[in-house]
Amino acid sequence: MTSPELQPTPAGTRPRHRSLIVVFLCGAAIGILGGMIGLGGAEFRLPLLIGFFGFAALPAIIMNKAMSLVVVITAIPARLIAVPLTELSPYLYIVLNLLAGSLIGAWLGAHWATKLASKTLHRVIAILLVLIAILLVVTHFFAFEPLNLTDAPRIILGVAAGVLIGVVAALMGVAGGELLIPTIVLLYGTDIKIAGSLSLLVSLPTMLVAFARYSRDNSFAVLGQNKGFLIAMTLGSIAGTVVGGLLLGVIPSIVLIPLLVLLLVLSSIKVWHHE
């Protein structure tokens with residue numbers, strides 16, 4: 001019987017390009033793109049992991065989730081300086097409402113990802129990338145009034161939205177801010193600045209649940225097999241997010257958003273046809 005040390009490395013668990021400088025720069029570029037629209041950029045990083053670095057779908061999701069988790073953890077202290085917890089405390093019921101659904105959704109999404117065939121998972125990711133592209137257009141170019149709801153329907157919708165967001169975040173390995181922020185603004189009528197901070201408080205436990213589910217799958221070993229890659233891209237992502245945040249508003253949305261939408265659509269096509 002072959003010892004574990006002599007087992008071949010599964011296809012799709014090692015990057016095609018191993019230069020850590022290239023990995024860092026790619027992470028920084030993704031961070032800048034996300035930072036310029038107020039997000040972490042994980043929705044752009046996932047197709048890069050699959051299409052450019054050649055990871056299989058599930059290892060790419062797990063890698064993306066690990067990096068997103070670190071980015072969120074580092075973002076929370078900075079966010080709490082800008083928006084202190086005393087300002088957020090009146091809105092913590094929103095966090096609890098969404099978590100009631102997102103924790104369930106995260107577990108389900110991660111469970112499904114580990115059970116789906118690789119080709120099917122690629123197709124699911126491609127569709128989600130297109131939906132994220134549509135959401136970018138809708139949230140940046142159309143104004144919406146908060147829904148006028150009584151408490152009971154709002155709580156029910158909050159749980160349902162949380163489940164959906166948890167599933168999507170787990171399937172893509174993202175923090176889910178691109179879904180959480182508009183949901184919080186639309187459903188609860190909060191200020192965009194408050195919504196951004198609340199989204200992080202929902203994202204962290206949601207991501208931890210998905211991460212815990214992924215840790216039970218053999219594909220979780222991809223993290224240990226690619227430590228250098230993971231560290232380099234995570235550091236690049238954090239640095240890029242900071243730079244992108246400083247550039248926030250420098251490029252007009254009318255120019256930036258269509259370019260990002262085009263990037264997501266092209267990425268979705270590549271992921272759809274990925275072998």
# chains A, B, ... in the order shown; residues from 1 in each chain; ligands from 1
>>> closest_atom_pairs(of="region 27-85 of chain A", to="region 116-130 of chain A", cutoff="8 Å", atoms="only C-alpha atoms", output="tab-separated table")
residue	atom	partner	partner_atom	distance
A:Glu43	CA	A:Leu129	CA	7.3
A:Ala56	CA	A:Ser118	CA	7.3
A:Ala57	CA	A:His122	CA	6.1
A:Leu58	CA	A:Ser118	CA	7.3
>>> closest_atom_pairs(of="region 169-236 of chain A", to="region 14-32 of chain A", cutoff="9 Å", atoms="only C-alpha atoms", output="CSV")
residue,atom,partner,partner_atom,distance
A:Val222,CA,A:Arg14,CA,7.8
A:Gln225,CA,A:Arg14,CA,7.6
A:Asn226,CA,A:Arg14,CA,7.0
A:Gly228,CA,A:Leu20,CA,7.3
A:Phe229,CA,A:Leu20,CA,6.4
A:Leu230,CA,A:Val23,CA,8.7
A:Ile231,CA,A:Phe24,CA,8.5
A:Ala232,CA,A:Phe24,CA,4.9
A:Met233,CA,A:Gly27,CA,4.6
A:Thr234,CA,A:Gly27,CA,6.6
A:Leu235,CA,A:Phe24,CA,6.8
A:Gly236,CA,A:Ala28,CA,4.1
>>> atom_distance(atom1="CA of Leu223 (chain A)", atom2="CA of Leu180 (chain A)")
26.8 Å
>>> atom_distance(atom1="CA of Ala170 (chain A)", atom2="CA of Ile50 (chain A)")
16.1 Å
>>> closest_residue(among="A:Leu201, A:Leu247, A:Leu186, A:Ile269", to="Pro146 (chain A)", atoms="only C-alpha atoms")
A:Leu186
>>> closest_atom_pairs(of="region 134-164 of chain A", to="region 258-261 of chain A", cutoff="12 Å", atoms="only C-alpha atoms", output="CSV")
residue,atom,partner,partner_atom,distance
A:Ile134,CA,A:Val261,CA,7.5
A:Leu135,CA,A:Val261,CA,9.4
A:Leu136,CA,A:Val261,CA,7.2
A:Val137,CA,A:Val261,CA,7.6
A:Val138,CA,A:Val261,CA,11.1
A:His140,CA,A:Pro258,CA,10.3
A:Phe141,CA,A:Pro258,CA,10.5
>>> write_last_selection(atoms="all heavy atoms", output="PDB file, in the first residue's frame")
ATOM      1  N   ILE A 134     -24.764  41.878 -12.512  1.00  0.00           N
ATOM      2  CA  ILE A 134     -26.061  42.568 -12.608  1.00  0.00           C
ATOM      3  C   ILE A 134     -26.325  43.383 -11.345  1.00  0.00           C
ATOM      4  O   ILE A 134     -26.790  44.527 -11.412  1.00  0.00           O
ATOM      5  CB  ILE A 134     -27.195  41.542 -12.838  1.00  0.00           C
ATOM      6  CG1 ILE A 134     -27.031  40.874 -14.207  1.00  0.00           C
ATOM      7  CG2 ILE A 134     -28.567  42.209 -12.729  1.00  0.00           C
ATOM      8  CD1 ILE A 134     -27.965  39.698 -14.424  1.00  0.00           C
ATOM      9  N   LEU A 135     -25.987  42.802 -10.200  1.00  0.00           N
ATOM     10  CA  LEU A 135     -26.196  43.488  -8.923  1.00  0.00           C
ATOM     11  C   LEU A 135     -25.356  44.753  -8.835  1.00  0.00           C
ATOM     12  O   LEU A 135     -25.807  45.777  -8.304  1.00  0.00           O
ATOM     13  CB  LEU A 135     -25.849  42.547  -7.769  1.00  0.00           C
ATOM     14  CG  LEU A 135     -26.177  43.053  -6.356  1.00  0.00           C
ATOM     15  CD1 LEU A 135     -27.677  43.262  -6.197  1.00  0.00           C
ATOM     16  CD2 LEU A 135     -25.664  42.073  -5.307  1.00  0.00           C
ATOM     17  N   LEU A 136     -24.134  44.714  -9.352  1.00  0.00           N
ATOM     18  CA  LEU A 136     -23.285  45.909  -9.367  1.00  0.00           C
ATOM     19  C   LEU A 136     -23.953  47.043 -10.133  1.00  0.00           C
ATOM     20  O   LEU A 136     -23.955  48.200  -9.692  1.00  0.00           O
ATOM     21  CB  LEU A 136     -21.924  45.590  -9.994  1.00  0.00           C
ATOM     22  CG  LEU A 136     -20.841  44.989  -9.115  1.00  0.00           C
ATOM     23  CD1 LEU A 136     -19.580  44.755  -9.926  1.00  0.00           C
ATOM     24  CD2 LEU A 136     -20.532  45.892  -7.927  1.00  0.00           C
ATOM     25  N   VAL A 137     -24.503  46.708 -11.287  1.00  0.00           N
ATOM     26  CA  VAL A 137     -25.177  47.728 -12.106  1.00  0.00           C
ATOM     27  C   VAL A 137     -26.389  48.289 -11.373  1.00  0.00           C
ATOM     28  O   VAL A 137     -26.579  49.505 -11.288  1.00  0.00           O
ATOM     29  CB  VAL A 137     -25.614  47.129 -13.461  1.00  0.00           C
ATOM     30  CG1 VAL A 137     -26.467  48.134 -14.237  1.00  0.00           C
ATOM     31  CG2 VAL A 137     -24.391  46.728 -14.277  1.00  0.00           C
ATOM     32  N   VAL A 138     -27.203  47.399 -10.834  1.00  0.00           N
ATOM     33  CA  VAL A 138     -28.443  47.822 -10.171  1.00  0.00           C
ATOM     34  C   VAL A 138     -28.155  48.699  -8.958  1.00  0.00           C
ATOM     35  O   VAL A 138     -28.779  49.756  -8.776  1.00  0.00           O
ATOM     36  CB  VAL A 138     -29.266  46.585  -9.746  1.00  0.00           C
ATOM     37  CG1 VAL A 138     -30.444  46.997  -8.864  1.00  0.00           C
ATOM     38  CG2 VAL A 138     -29.773  45.833 -10.975  1.00  0.00           C
ATOM     39  N   HIS A 140     -25.486  50.476  -8.208  1.00  0.00           N
ATOM     40  CA  HIS A 140     -24.717  51.700  -8.431  1.00  0.00           C
ATOM     41  C   HIS A 140     -25.419  52.707  -9.338  1.00  0.00           C
ATOM     42  O   HIS A 140     -25.095  53.892  -9.308  1.00  0.00           O
ATOM     43  CB  HIS A 140     -23.340  51.369  -9.018  1.00  0.00           C
ATOM     44  CG  HIS A 140     -22.361  50.858  -8.002  1.00  0.00           C
ATOM     45  ND1 HIS A 140     -22.337  49.538  -7.595  1.00  0.00           N
ATOM     46  CD2 HIS A 140     -21.396  51.499  -7.289  1.00  0.00           C
ATOM     47  CE1 HIS A 140     -21.376  49.382  -6.693  1.00  0.00           C
ATOM     48  NE2 HIS A 140     -20.803  50.544  -6.485  1.00  0.00           N
ATOM     49  N   PHE A 141     -26.371  52.239 -10.139  1.00  0.00           N
ATOM     50  CA  PHE A 141     -26.992  53.147 -11.099  1.00  0.00           C
ATOM     51  C   PHE A 141     -28.492  53.358 -10.888  1.00  0.00           C
ATOM     52  O   PHE A 141     -29.119  54.139 -11.593  1.00  0.00           O
ATOM     53  CB  PHE A 141     -26.751  52.662 -12.530  1.00  0.00           C
ATOM     54  CG  PHE A 141     -25.294  52.696 -12.937  1.00  0.00           C
ATOM     55  CD1 PHE A 141     -24.716  51.613 -13.576  1.00  0.00           C
ATOM     56  CD2 PHE A 141     -24.513  53.799 -12.666  1.00  0.00           C
ATOM     57  CE1 PHE A 141     -23.379  51.635 -13.941  1.00  0.00           C
ATOM     58  CE2 PHE A 141     -23.173  53.834 -13.032  1.00  0.00           C
ATOM     59  CZ  PHE A 141     -22.606  52.756 -13.663  1.00  0.00           C
TER      60      PHE A 141
END
>>> residues_around(residues="Ala175 (chain A)", least_positions_apart="3", cutoff="8 Å", atoms="only C-alpha atoms", output="list in words")
Gly40, Ala42, Lys65, Ser68, Leu69, Val72, Ala169, Leu200, Ser203, Leu204 and Met207 of chain A
>>> residues_around(residues="Ile37 (chain A)", least_positions_apart="3", cutoff="9 Å", atoms="only C-alpha atoms", output="ChimeraX atom specification")
/A:32-34,40-41,244-245,248-249,253,256-257
>>> write_last_selection(atoms="all heavy atoms", output="mmCIF file, in the first residue's frame")
data_model
loop_
_atom_site.group_PDB
_atom_site.id
_atom_site.type_symbol
_atom_site.label_atom_id
_atom_site.label_comp_id
_atom_site.auth_asym_id
_atom_site.auth_seq_id
_atom_site.Cartn_x
_atom_site.Cartn_y
_atom_site.Cartn_z
ATOM 1 N N ILE A 32 -7.373 46.191 -5.087
ATOM 2 C CA ILE A 32 -7.607 47.563 -5.575
ATOM 3 C C ILE A 32 -8.960 47.654 -6.266
ATOM 4 O O ILE A 32 -9.729 48.593 -6.028
ATOM 5 C CB ILE A 32 -6.470 47.997 -6.526
ATOM 6 C CG1 ILE A 32 -5.174 48.193 -5.740
ATOM 7 C CG2 ILE A 32 -6.840 49.288 -7.254
ATOM 8 C CD1 ILE A 32 -3.951 48.418 -6.611
ATOM 9 N N LEU A 33 -9.263 46.674 -7.116
ATOM 10 C CA LEU A 33 -10.562 46.667 -7.806
ATOM 11 C C LEU A 33 -11.710 46.665 -6.807
ATOM 12 O O LEU A 33 -12.673 47.430 -6.945
ATOM 13 C CB LEU A 33 -10.672 45.445 -8.714
ATOM 14 C CG LEU A 33 -9.867 45.441 -10.012
ATOM 15 C CD1 LEU A 33 -10.040 44.112 -10.733
ATOM 16 C CD2 LEU A 33 -10.291 46.592 -10.915
ATOM 17 N N GLY A 34 -11.612 45.788 -5.808
ATOM 18 C CA GLY A 34 -12.667 45.719 -4.804
ATOM 19 C C GLY A 34 -12.719 46.973 -3.961
ATOM 20 O O GLY A 34 -13.801 47.499 -3.674
ATOM 21 N N GLY A 40 -14.266 43.828 -0.759
ATOM 22 C CA GLY A 40 -12.983 43.170 -0.568
ATOM 23 C C GLY A 40 -12.372 42.614 -1.837
ATOM 24 O O GLY A 40 -11.182 42.332 -1.883
ATOM 25 N N GLY A 41 -13.184 42.407 -2.872
ATOM 26 C CA GLY A 41 -12.664 41.935 -4.154
ATOM 27 C C GLY A 41 -12.671 40.434 -4.343
ATOM 28 O O GLY A 41 -12.187 39.938 -5.361
ATOM 29 N N GLY A 244 -7.070 50.619 -2.804
ATOM 30 C CA GLY A 244 -8.347 50.822 -3.485
ATOM 31 C C GLY A 244 -9.280 51.709 -2.699
ATOM 32 O O GLY A 244 -10.001 52.538 -3.272
ATOM 33 N N GLY A 245 -9.265 51.558 -1.356
ATOM 34 C CA GLY A 245 -10.084 52.426 -0.515
ATOM 35 C C GLY A 245 -9.672 53.880 -0.628
ATOM 36 O O GLY A 245 -10.518 54.786 -0.627
ATOM 37 N N LEU A 248 -11.057 55.330 -3.730
ATOM 38 C CA LEU A 248 -12.522 55.302 -3.818
ATOM 39 C C LEU A 248 -13.056 56.634 -4.337
ATOM 40 O O LEU A 248 -12.798 57.686 -3.761
ATOM 41 C CB LEU A 248 -13.116 55.017 -2.434
ATOM 42 C CG LEU A 248 -14.631 54.769 -2.351
ATOM 43 C CD1 LEU A 248 -15.004 53.515 -3.118
ATOM 44 C CD2 LEU A 248 -15.067 54.642 -0.897
ATOM 45 N N GLY A 249 -13.766 56.609 -5.441
ATOM 46 C CA GLY A 249 -14.339 57.824 -6.006
ATOM 47 C C GLY A 249 -13.444 58.525 -7.004
ATOM 48 O O GLY A 249 -13.894 59.457 -7.680
ATOM 49 N N SER A 253 -18.002 56.199 -11.247
ATOM 50 C CA SER A 253 -18.733 54.933 -11.335
ATOM 51 C C SER A 253 -19.191 54.634 -12.749
ATOM 52 O O SER A 253 -19.244 53.465 -13.165
ATOM 53 C CB SER A 253 -19.950 54.969 -10.393
ATOM 54 O OG SER A 253 -19.538 54.987 -9.052
ATOM 55 N N LEU A 256 -16.020 53.051 -14.109
ATOM 56 C CA LEU A 256 -15.494 51.894 -13.377
ATOM 57 C C LEU A 256 -16.448 50.702 -13.389
ATOM 58 O O LEU A 256 -16.031 49.568 -13.668
ATOM 59 C CB LEU A 256 -15.184 52.295 -11.929
ATOM 60 C CG LEU A 256 -14.623 51.197 -11.026
ATOM 61 C CD1 LEU A 256 -13.296 50.684 -11.560
ATOM 62 C CD2 LEU A 256 -14.467 51.713 -9.596
ATOM 63 N N ILE A 257 -17.716 50.938 -13.078
ATOM 64 C CA ILE A 257 -18.666 49.822 -12.943
ATOM 65 C C ILE A 257 -18.829 49.032 -14.240
ATOM 66 O O ILE A 257 -18.780 47.790 -14.219
ATOM 67 C CB ILE A 257 -20.027 50.320 -12.421
ATOM 68 C CG1 ILE A 257 -19.869 50.943 -11.036
ATOM 69 C CG2 ILE A 257 -21.036 49.182 -12.375
ATOM 70 C CD1 ILE A 257 -19.256 50.021 -10.001
#
>>> residues_around(residues="Pro59 (chain A)", least_positions_apart="5", cutoff="9 Å", atoms="only C-alpha atoms", output="list in words")
Gly12, Thr13, Asn64, Ser219, Phe220, Ala221, Val222 and Leu223 of chain A
>>> residues_around(residues="Ile155 (chain A)", least_positions_apart="5", cutoff="10 Å", atoms="only C-alpha atoms", output="list in words")
Tyr93, Ile94, Leu96, Asn97, Leu98, Ala100, Leu149, Thr150, Ala160, Ala161, Leu187 and Tyr188 of chain A
